[in-house]
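Peer 1: To be precise about what I am sending: the file is called work-v4.txt and holds compact mmCIF, C-alpha atoms and all ligand atoms.
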```txt
# COMPACT_ATOMS: atom_id res chain seq x y z
CA MET O 151 12.60 0.33 -10.18
CA ILE O 152 12.51 -1.53 -6.88
CA HIS O 153 14.45 -4.65 -6.21
CA PHE O 154 14.37 -6.83 -3.09
CA GLU O 155 17.53 -8.84 -2.62
CA ASN O 156 17.48 -11.57 0.04
CA VAL O 157 15.62 -9.37 2.50
CA THR O 158 15.03 -10.81 5.97
CA LYS O 159 13.41 -9.37 9.07
CA THR O 160 13.56 -11.30 12.31
CA PHE O 161 11.80 -10.55 15.58
CA GLY O 162 13.70 -12.55 18.19
CA ASP O 163 14.24 -15.95 16.66
CA ARG O 164 11.25 -15.71 14.36
CA ALA O 165 11.63 -14.58 10.73
CA ALA O 166 8.65 -12.37 9.81
CA VAL O 167 10.12 -11.99 6.31
CA ASN O 168 12.54 -14.69 5.28
CA ASN O 169 15.12 -14.16 2.52
CA VAL O 170 12.69 -12.51 0.10
CA SER O 171 13.76 -11.46 -3.39
CA PHE O 172 11.63 -9.92 -6.15
CA SER O 173 11.62 -6.94 -8.48
CA ILE O 174 9.06 -4.45 -9.68
CA ASP O 175 10.53 -3.00 -12.82
CA LYS O 176 7.61 -1.05 -14.24
CA PRO O 177 4.66 0.86 -12.82
CA GLN O 178 2.30 -1.85 -11.60
CA MET O 179 -0.41 -2.23 -9.07
CA VAL O 180 0.82 -5.08 -6.91
CA GLY O 181 -1.33 -6.84 -4.34
CA ILE O 182 0.25 -8.75 -1.47
CA ILE O 183 -1.95 -11.43 0.01
CA GLY O 184 -1.58 -14.05 2.70
CA ARG O 185 -3.05 -15.06 6.00
CA SER O 186 -2.60 -13.04 9.15
CA GLY O 187 1.02 -13.09 10.29
CA ALA O 188 2.39 -14.03 6.84
CA GLY O 189 4.70 -10.99 6.84
CA LYS O 190 2.79 -8.60 4.53
CA SER O 191 2.96 -5.53 6.77
CA THR O 192 6.57 -6.14 7.69
CA LEU O 193 7.47 -6.34 4.00
CA LEU O 194 5.75 -3.05 3.23
CA ARG O 195 7.06 -1.28 6.32
CA MET O 196 10.64 -2.21 5.43
CA ILE O 197 10.28 -0.42 2.10
CA ASN O 198 9.65 2.94 3.69
CA ARG O 199 11.91 2.24 6.65
CA LEU O 200 9.24 2.10 9.34
CA THR O 201 10.65 -1.32 10.24
CA PRO O 202 14.39 -1.90 9.90
CA ALA O 203 15.43 -4.94 7.87
CA THR O 204 17.71 -7.46 9.55
CA SER O 205 19.63 -8.29 6.37
CA GLY O 206 19.49 -7.97 2.59
CA ARG O 207 19.12 -4.99 0.28
CA ILE O 208 16.21 -3.04 -1.14
CA LEU O 209 17.37 -1.16 -4.21
CA PHE O 210 15.41 1.71 -5.73
CA ASN O 211 16.83 2.77 -9.08
CA GLY O 212 20.08 1.12 -8.01
CA GLU O 213 20.40 2.80 -4.59
CA ASP O 214 20.13 0.72 -1.42
CA ILE O 215 17.39 2.50 0.50
CA LEU O 216 18.20 0.49 3.65
CA SER O 217 21.42 2.47 4.04
CA LEU O 218 19.83 5.93 3.80
CA LYS O 219 20.15 8.18 6.85
CA GLY O 220 18.95 11.59 8.05
CA GLY O 221 17.59 13.86 5.33
CA SER O 222 18.05 11.24 2.61
CA MET O 223 15.94 8.79 4.59
CA ARG O 224 13.21 11.40 5.18
CA ARG O 225 13.18 12.22 1.47
CA TRP O 226 12.81 8.54 0.70
CA GLN O 227 9.92 8.25 3.16
CA ARG O 228 8.23 11.11 1.35
CA ASP O 229 8.90 9.37 -1.97
CA CYS O 230 7.10 6.20 -0.92
CA ALA O 231 3.93 7.44 0.72
CA MET O 232 2.19 5.07 3.08
CA VAL O 233 -1.54 4.60 3.60
CA PHE O 234 -2.58 2.67 6.72
CA GLN O 235 -5.59 0.62 7.75
CA GLN O 236 -6.41 3.06 10.54
CA PHE O 237 -5.87 6.18 8.36
CA ASN O 238 -3.37 7.79 10.82
CA LEU O 239 -4.93 11.25 10.62
CA VAL O 240 -4.80 13.80 13.44
CA PRO O 241 -8.45 13.60 14.58
CA ARG O 242 -8.81 17.16 15.91
CA LEU O 243 -7.11 18.87 12.99
CA ASP O 244 -9.16 19.95 10.01
CA VAL O 245 -9.03 17.89 6.85
CA VAL O 246 -6.97 20.30 4.74
CA THR O 247 -4.29 20.60 7.45
CA ASN O 248 -4.14 16.83 7.72
CA VAL O 249 -3.51 16.66 3.99
CA MET O 250 -0.83 19.35 4.16
CA LEU O 251 1.02 17.31 6.80
CA GLY O 252 2.07 15.18 3.84
CA ARG O 253 4.32 18.09 2.84
CA LEU O 254 6.20 18.19 6.15
CA ASN O 255 9.20 16.27 4.89
CA ALA O 256 9.46 18.76 2.02
CA GLN O 257 9.61 21.77 4.40
CA SER O 258 12.45 23.39 6.31
CA THR O 259 12.72 22.25 9.95
CA PHE O 260 11.47 25.67 11.13
CA LYS O 261 8.33 25.52 8.98
CA SER O 262 7.74 21.92 9.96
CA LEU O 263 8.01 22.68 13.68
CA PHE O 264 5.37 25.37 13.50
CA ASN O 265 3.18 23.75 10.82
CA ILE O 266 3.59 26.78 8.54
CA PHE O 267 2.17 26.12 5.12
CA SER O 268 2.29 28.25 1.99
CA ALA O 269 -0.67 29.18 -0.25
CA GLU O 270 0.78 26.70 -2.71
CA ASP O 271 0.58 23.94 -0.05
CA VAL O 272 -3.07 24.83 0.61
CA ASN O 273 -3.89 24.77 -3.10
CA ARG O 274 -2.07 21.50 -3.57
CA ALA O 275 -4.01 19.96 -0.66
CA LEU O 276 -7.35 21.23 -1.98
CA ALA O 277 -6.56 19.87 -5.44
CA ALA O 278 -5.77 16.45 -3.94
CA LEU O 279 -9.02 16.50 -1.94
CA ASP O 280 -10.89 17.49 -5.07
CA ARG O 281 -9.37 14.59 -6.94
CA LEU O 282 -10.56 12.24 -4.19
CA GLY O 283 -14.03 13.79 -4.35
CA ILE O 284 -14.07 15.21 -0.82
CA VAL O 285 -12.95 18.82 -1.18
CA GLN O 286 -16.28 19.88 0.35
CA GLU O 287 -15.10 18.35 3.65
CA ALA O 288 -11.87 20.41 3.74
CA THR O 289 -12.73 22.52 6.78
CA LYS O 290 -14.22 19.73 8.92
CA ARG O 291 -12.22 18.07 11.65
CA ALA O 292 -10.92 14.69 10.52
CA GLU O 293 -12.75 12.92 13.35
CA GLU O 294 -16.10 14.13 11.96
CA LEU O 295 -15.65 12.10 8.76
CA SER O 296 -16.69 8.52 8.05
CA GLY O 297 -14.01 5.85 7.79
CA GLY O 298 -14.15 5.85 4.00
CA GLN O 299 -13.83 9.63 3.86
CA GLN O 300 -10.91 9.52 6.30
CA GLN O 301 -9.13 6.98 4.14
CA ARG O 302 -9.62 9.26 1.14
CA VAL O 303 -8.09 12.11 3.16
CA ALA O 304 -5.16 9.84 3.94
CA ILE O 305 -4.75 9.09 0.23
CA ALA O 306 -4.94 12.81 -0.57
CA ARG O 307 -2.19 13.36 2.02
CA ALA O 308 -0.12 10.67 0.31
CA LEU O 309 -0.66 12.39 -3.06
CA THR O 310 0.60 15.76 -1.79
CA GLN O 311 3.90 14.06 -0.99
CA GLU O 312 4.26 13.64 -4.76
CA PRO O 313 5.61 10.15 -4.16
CA HIS O 314 7.31 7.75 -6.56
CA MET O 315 5.12 4.99 -5.19
CA VAL O 316 2.21 4.45 -2.85
CA LEU O 317 2.28 1.73 -0.22
CA ALA O 318 -1.08 0.80 1.24
CA ASP O 319 -1.19 -1.47 4.28
CA GLU O 320 -4.63 -3.07 4.34
CA PRO O 321 -6.30 0.17 3.29
CA ILE O 322 -9.80 -1.30 3.18
CA ALA O 323 -9.70 -3.64 6.16
CA SER O 324 -11.76 -1.23 8.30
CA LEU O 325 -14.24 -0.23 5.60
CA ASP O 326 -17.62 -1.42 4.42
CA PRO O 327 -17.79 -2.77 0.83
CA MET O 328 -19.00 0.50 -0.72
CA ASN O 329 -16.21 2.56 0.85
CA ALA O 330 -13.74 -0.22 0.12
CA LYS O 331 -14.60 0.12 -3.56
CA ILE O 332 -14.18 3.91 -3.52
CA VAL O 333 -10.77 3.60 -1.87
CA MET O 334 -9.55 0.82 -4.16
CA ASP O 335 -10.80 2.75 -7.20
CA ALA O 336 -8.81 5.77 -5.97
CA LEU O 337 -5.63 3.72 -5.58
CA ARG O 338 -6.13 2.18 -9.01
CA GLU O 339 -6.67 5.61 -10.50
CA ILE O 340 -3.42 6.89 -8.97
CA HIS O 341 -1.62 3.96 -10.54
CA GLU O 342 -3.19 4.48 -13.97
CA ARG O 343 -3.30 8.26 -14.22
CA ASP O 344 0.02 9.02 -12.53
CA ASN O 345 1.73 5.85 -13.75
CA LYS O 346 2.90 5.02 -10.25
CA VAL O 347 3.76 1.81 -8.50
CA VAL O 348 1.07 1.00 -5.94
CA ILE O 349 1.74 -1.86 -3.54
CA CYS O 350 -1.25 -2.89 -1.53
CA ASN O 351 -1.57 -5.43 1.27
CA LEU O 352 -4.95 -7.06 1.00
CA HIS O 353 -6.83 -9.62 3.02
CA THR O 354 -9.24 -10.51 0.28
CA LEU O 355 -8.57 -12.51 -2.85
CA ASP O 356 -11.35 -11.02 -4.92
CA THR O 357 -10.03 -7.48 -4.35
CA ALA O 358 -6.52 -8.53 -5.36
CA ARG O 359 -7.80 -10.24 -8.49
CA HIS O 360 -10.02 -7.34 -9.41
CA TYR O 361 -7.64 -4.43 -8.97
CA CYS O 362 -4.08 -5.70 -9.22
CA ASP O 363 -1.87 -6.41 -12.23
CA ARG O 364 0.27 -8.71 -10.17
CA VAL O 365 -0.30 -10.65 -6.98
CA ILE O 366 2.37 -11.74 -4.53
CA GLY O 367 1.31 -14.46 -2.11
CA MET O 368 3.17 -14.77 1.18
CA ARG O 369 3.15 -17.61 3.63
CA ASP O 370 5.26 -17.75 6.80
CA GLY O 371 7.49 -14.89 5.62
CA VAL O 372 8.21 -16.43 2.23
CA ILE O 373 6.86 -15.62 -1.24
CA VAL O 374 4.98 -18.69 -2.44
CA PHE O 375 3.26 -17.11 -5.45
CA ASP O 376 4.15 -14.23 -7.75
CA GLY O 377 2.09 -13.81 -10.86
CA ALA O 378 -0.84 -12.41 -12.76
CA PRO O 379 -4.20 -12.57 -10.99
CA GLU O 380 -5.45 -14.99 -13.66
CA LEU O 381 -3.02 -17.57 -12.26
CA LEU O 382 -4.45 -17.23 -8.79
CA THR O 383 -6.59 -20.36 -8.86
CA THR O 384 -8.39 -21.77 -5.84
CA ASP O 385 -5.64 -24.40 -5.51
CA VAL O 386 -2.97 -21.69 -5.48
CA ALA O 387 -4.97 -19.69 -2.95
CA ARG O 388 -5.28 -22.78 -0.78
CA GLU O 389 -1.50 -23.11 -0.83
CA ILE O 390 -0.97 -19.44 0.04
CA TYR O 391 -3.43 -19.57 2.92
CA GLY O 392 -2.22 -22.97 4.10
CA ALA O 393 -5.76 -24.25 3.95
CA ASP O 394 -7.13 -27.72 3.33
CA GLU O 395 -9.83 -28.94 0.94
CA SER O 396 -12.51 -27.14 2.92
CA PHE O 397 -11.00 -23.75 1.91
CA ASN O 398 -13.75 -21.48 0.70
CA GLU O 399 -12.85 -18.33 -1.21
CA ALA O 400 -15.98 -16.64 0.02
CA ALA O 401 -14.30 -16.48 3.42
CA THR O 402 -11.86 -13.93 1.97
CA SER O 403 -14.44 -11.98 0.00
CA THR O 404 -15.34 -8.33 0.38
CA SER O 405 -18.11 -8.56 -2.22
CA ILE O 406 -16.80 -5.44 -3.95
CA ASP O 407 -15.99 -7.34 -7.13
CA THR O 408 -19.48 -7.29 -8.52
CA PRO O 409 -20.63 -6.86 -12.11
CA GLY O 410 -20.84 -3.25 -13.19
CA LEU O 411 -18.10 -2.03 -10.87
CA SER O 412 -14.86 -0.81 -12.33
CA ALA O 413 -12.09 -3.29 -12.95
CA ARG O 414 -8.47 -3.22 -13.96
CA PRO O 415 -8.02 -3.07 -17.74
CA THR O 416 -7.98 -6.42 -19.49
CA ASP O 417 -5.95 -5.12 -22.42
CA PRO O 418 -2.41 -6.30 -21.78
CA ALA O 419 -1.13 -3.69 -24.22
CA GLY O 420 -2.31 -0.94 -21.88
CA ALA O 421 -0.39 0.88 -19.22
CA VAL O 422 -0.29 -2.16 -17.02
CA THR O 423 1.66 -5.32 -17.66
CA PRO O 424 0.77 -8.52 -15.87
CA VAL O 425 3.73 -10.59 -14.77
CA ALA O 426 3.33 -14.32 -14.99
CA THR O 427 5.91 -15.99 -12.81
CA ALA O 428 4.12 -18.57 -10.77
CA VAL O 429 6.66 -19.98 -8.36
CA LEU O 430 4.50 -22.67 -6.88
N1 LIG K 1 7.02 -5.38 16.27
C1 LIG K 1 6.96 -6.72 16.28
N2 LIG K 1 7.49 -7.42 17.30
C2 LIG K 1 7.47 -8.78 17.31
N3 LIG K 1 6.91 -9.52 16.34
C3 LIG K 1 6.35 -8.87 15.31
C4 LIG K 1 6.34 -7.44 15.23
N4 LIG K 1 5.71 -7.08 14.07
C5 LIG K 1 5.36 -8.23 13.47
N5 LIG K 1 5.73 -9.30 14.20
C6 LIG K 1 5.52 -10.72 13.87
O1 LIG K 1 5.96 -10.92 12.55
C7 LIG K 1 5.07 -11.81 11.85
C8 LIG K 1 4.56 -11.11 10.60
O2 LIG K 1 3.72 -10.03 10.99
P1 LIG K 1 3.06 -9.03 9.93
O3 LIG K 1 2.33 -8.00 10.70
O4 LIG K 1 4.10 -8.59 8.98
O5 LIG K 1 2.05 -10.03 9.20
P2 LIG K 1 0.82 -9.67 8.27
O6 LIG K 1 0.85 -10.67 7.17
O7 LIG K 1 0.86 -8.25 7.87
O8 LIG K 1 -0.41 -9.97 9.24
P3 LIG K 1 -1.82 -9.19 9.34
O9 LIG K 1 -2.54 -9.51 8.08
O10 LIG K 1 -2.46 -9.79 10.53
O11 LIG K 1 -1.51 -7.73 9.50
C9 LIG K 1 3.99 -12.18 12.84
O12 LIG K 1 4.33 -13.40 13.44
C10 LIG K 1 4.03 -11.07 13.86
O13 LIG K 1 3.62 -11.53 15.12
```
Go through the file and emit its structure as structure tokens.
Peer 2:
Amino acid sequence: MIHFENVTKTFGDRAAVNNVSFSIDKPQMVGIIGRSGAGKSTLLRMINRLTPATSGRILFNGEDILSLKGGSMRRWQRDCAMVFQQFNLVPRLDVVTNVMLGRLNAQSTFKSLFNIFSAEDVNRALAALDRLGIVQEATKRAEELSGGQQQRVAIARALTQEPHMVLADEPIASLDPMNAKIVMDALREIHERDNKVVICNLHTLDTARHYCDRVIGMRDGVIVFDGAPELLTTDVAREIYGADESFNEAATSTSIDTPGLSARPTDPAGAVTPVATAVL
């Protein structure tokens, strides 16, 4: 499905992502972990062309998405919907309009310029809000909602794009544990029910272990671990985070992985397939 081939991004003389290659060849929920500055956001942002790559190729179903231009690039950006840490909603617009903005790249330029939406767009947006459990907030201004609700609106907006994949850049970093769980459950549900690739940058090991089928660990722009969460031992985590013996996993905990909360399926014969390629 998606294939990174020697992808590099430099800022000045510093490589934020350094000659990275990996493939996702089936619908998986992939967590990217690593300390601050490891290159996680840059990696994700290159996929949907928010950040231009310096060299390499990113192939989606065989096509190099780094060479797309104009309408093809906008279509691609719709196809890989992005969810951000700070939600990126328009605060003064109502919730349903914010969600419909996800359809802009699917509209004619005229309709886009004047934010003209069809009844079908409204229904699609309401259905997405319903799926995220917040349709009752549809007429409120986005700024009136809590952070967790705003992130769910952002996910509903991503859903209306009808994307091939969802990219989430630290989607729970601004949320309390309860809202973090709701948002991660929603992303997991999109992966399972819609059979979509979800790639999620995460700061916390326990969240990655709990929700993801596969974890990619980055350090200084390089992939230093790529495997099933079961292989993510404390020693491996120490290597990813560049920490010494005093490394304490609790320091990266959100406490949302508690007994009784939902978890990814443990049945490897299910829709998800763990990959076990530890490269350490
Ligand atoms: N626009 C930019 N201009 C210059 N340097 C940048 C830019 N964006 C990122 N960098 C640098 O690239 C490196 C990787 O940054 P990136 O944001 O991808 O890391 P990250 O792992 O996502 O970190 P965090 O978890 O803090 O978001 C860092 O050294 C950062 O300072």
Peer 1: Tell me, in Å to one decimal, how far CA of Glu270 in chain O is from CA of Gly221 in chain O.
Peer 2: 22.6 Å
Peer 1: Can you list, as a list in words, every protein, DNA or RNA residue that comes within 12 Å of Asp280 in chain O when you count only C-alpha atoms, leaving out same-chain residues fewer than 2 positions away?
Peer 2: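 In the requested format, the answer is Val246, Val249, Asn273, Arg274, Ala275, Leu276, Ala277, Ala278, Leu282, Gly283, Ile284, Val285, Gln286, Glu287, Ala288, Arg302, Val303, Ile305, Ala306, Arg307, Leu309 and Ala336 of chain O.
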Peer 1: Check every protein, DNA and RNA residue against ligand LIG 1 (chain K), keep those with an atom at most 6 Å away (counting all atoms listed in the file), and present them as a tab-separated table (two decimals) with C-alpha atoms, in the frame of the given file.
Peer 2:
```
chain	number	residue	atom	x	y	z
O	161	PHE	CA	11.80	-10.55	15.58
O	166	ALA	CA	8.65	-12.37	9.81
O	185	ARG	CA	-3.05	-15.06	6.00
O	186	SER	CA	-2.60	-13.04	9.15
O	187	GLY	CA	1.02	-13.09	10.29
O	188	ALA	CA	2.39	-14.03	6.84
O	189	GLY	CA	4.70	-10.99	6.84
O	190	LYS	CA	2.79	-8.60	4.53
O	191	SER	CA	2.96	-5.53	6.77
O	192	THR	CA	6.57	-6.14	7.69
```
Peer 1: Taking into account only C-alpha atoms, which residue in the set O:Val347, O:Ala292, O:Glu342, O:Leu251 is nearest to Ser173 in chain O?
Peer 2: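 Once distances to Ser173 in chain O are computed over only C-alpha atoms, the minimum belongs to O:Val347.
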Peer 1: Between O:Leu279, O:Met328, O:Ala318, O:Ala203, single out the one closest to Ile349 in chain O, counting only C-alpha atoms.
Peer 2: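 Distance minimum relative to Ile349 in chain O lands on O:Ala318.
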Peer 1: When you get a chance, write out N, CA and C atoms for range 295-328 of chain O, as a tab-separated table (two decimals), keeping the file's coordinate frame.
Peer 2:
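Dumped to out-v4.tsv:
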```tsv
chain	number	residue	atom	x	y	z
O	295	LEU	N	-15.42	12.79	10.03
O	295	LEU	CA	-15.65	12.10	8.76
O	295	LEU	C	-15.87	10.60	8.97
O	296	SER	N	-16.53	9.98	8.01
O	296	SER	CA	-16.69	8.52	8.05
O	296	SER	C	-15.34	7.87	7.76
O	297	GLY	N	-15.25	6.56	8.04
O	297	GLY	CA	-14.01	5.85	7.79
O	297	GLY	C	-13.56	5.95	6.34
O	298	GLY	N	-14.50	5.78	5.42
O	298	GLY	CA	-14.15	5.85	4.00
O	298	GLY	C	-13.64	7.22	3.61
O	299	GLN	N	-14.29	8.26	4.16
O	299	GLN	CA	-13.83	9.63	3.86
O	299	GLN	C	-12.44	9.85	4.46
O	300	GLN	N	-12.23	9.34	5.68
O	300	GLN	CA	-10.91	9.52	6.30
O	300	GLN	C	-9.82	8.83	5.48
O	301	GLN	N	-10.15	7.65	4.94
O	301	GLN	CA	-9.13	6.98	4.14
O	301	GLN	C	-8.84	7.78	2.87
O	302	ARG	N	-9.86	8.43	2.32
O	302	ARG	CA	-9.62	9.26	1.14
O	302	ARG	C	-8.76	10.47	1.50
O	303	VAL	N	-8.96	11.01	2.70
O	303	VAL	CA	-8.09	12.11	3.16
O	303	VAL	C	-6.65	11.60	3.26
O	304	ALA	N	-6.50	10.40	3.81
O	304	ALA	CA	-5.16	9.84	3.94
O	304	ALA	C	-4.51	9.65	2.57
O	305	ILE	N	-5.30	9.25	1.58
O	305	ILE	CA	-4.75	9.09	0.23
O	305	ILE	C	-4.40	10.46	-0.37
O	306	ALA	N	-5.25	11.45	-0.10
O	306	ALA	CA	-4.94	12.81	-0.57
O	306	ALA	C	-3.63	13.29	0.06
O	307	ARG	N	-3.46	12.98	1.35
O	307	ARG	CA	-2.19	13.36	2.02
O	307	ARG	C	-1.01	12.67	1.33
O	308	ALA	N	-1.19	11.39	1.01
O	308	ALA	CA	-0.12	10.67	0.31
O	308	ALA	C	0.19	11.34	-1.03
O	309	LEU	N	-0.86	11.77	-1.74
O	309	LEU	CA	-0.66	12.39	-3.06
O	309	LEU	C	0.14	13.68	-2.96
O	310	THR	N	-0.10	14.47	-1.90
O	310	THR	CA	0.60	15.76	-1.79
O	310	THR	C	2.10	15.55	-1.54
O	311	GLN	N	2.47	14.35	-1.14
O	311	GLN	CA	3.90	14.06	-0.99
O	311	GLN	C	4.57	13.91	-2.36
O	312	GLU	N	3.76	13.87	-3.40
O	312	GLU	CA	4.26	13.64	-4.76
O	312	GLU	C	5.22	12.46	-4.80
O	313	PRO	N	4.72	11.30	-4.34
O	313	PRO	CA	5.61	10.15	-4.16
O	313	PRO	C	5.93	9.43	-5.47
O	314	HIS	N	7.01	8.65	-5.44
O	314	HIS	CA	7.31	7.75	-6.56
O	314	HIS	C	6.36	6.56	-6.53
O	315	MET	N	6.01	6.16	-5.31
O	315	MET	CA	5.12	4.99	-5.19
O	315	MET	C	4.23	5.17	-3.98
O	316	VAL	N	3.13	4.42	-3.99
O	316	VAL	CA	2.21	4.45	-2.85
O	316	VAL	C	2.16	3.05	-2.25
O	317	LEU	N	2.36	2.99	-0.94
O	317	LEU	CA	2.28	1.73	-0.22
O	317	LEU	C	1.03	1.76	0.63
O	318	ALA	N	0.17	0.79	0.49
O	318	ALA	CA	-1.08	0.80	1.24
O	318	ALA	C	-1.18	-0.48	2.07
O	319	ASP	N	-1.20	-0.32	3.38
O	319	ASP	CA	-1.19	-1.47	4.28
O	319	ASP	C	-2.62	-1.78	4.74
O	320	GLU	N	-3.23	-2.71	4.08
O	320	GLU	CA	-4.63	-3.07	4.34
O	320	GLU	C	-5.55	-1.85	4.38
O	321	PRO	N	-5.59	-1.11	3.29
O	321	PRO	CA	-6.30	0.17	3.29
O	321	PRO	C	-7.80	0.05	3.41
O	322	ILE	N	-8.34	-1.16	3.15
O	322	ILE	CA	-9.80	-1.30	3.18
O	322	ILE	C	-10.28	-2.22	4.30
O	323	ALA	N	-9.34	-2.63	5.16
O	323	ALA	CA	-9.70	-3.64	6.16
O	323	ALA	C	-10.73	-3.11	7.16
O	324	SER	N	-10.80	-1.78	7.33
O	324	SER	CA	-11.76	-1.23	8.30
O	324	SER	C	-13.00	-0.66	7.62
O	325	LEU	N	-13.17	-0.91	6.34
O	325	LEU	CA	-14.24	-0.23	5.60
O	325	LEU	C	-15.34	-1.18	5.14
O	326	ASP	N	-16.53	-0.64	4.98
O	326	ASP	CA	-17.62	-1.42	4.42
O	326	ASP	C	-17.38	-1.56	2.90
O	327	PRO	N	-18.08	-2.50	2.25
O	327	PRO	CA	-17.79	-2.77	0.83
O	327	PRO	C	-17.88	-1.54	-0.07
O	328	MET	N	-18.85	-0.66	0.16
O	328	MET	CA	-19.00	0.50	-0.72
O	328	MET	C	-17.79	1.44	-0.59
```
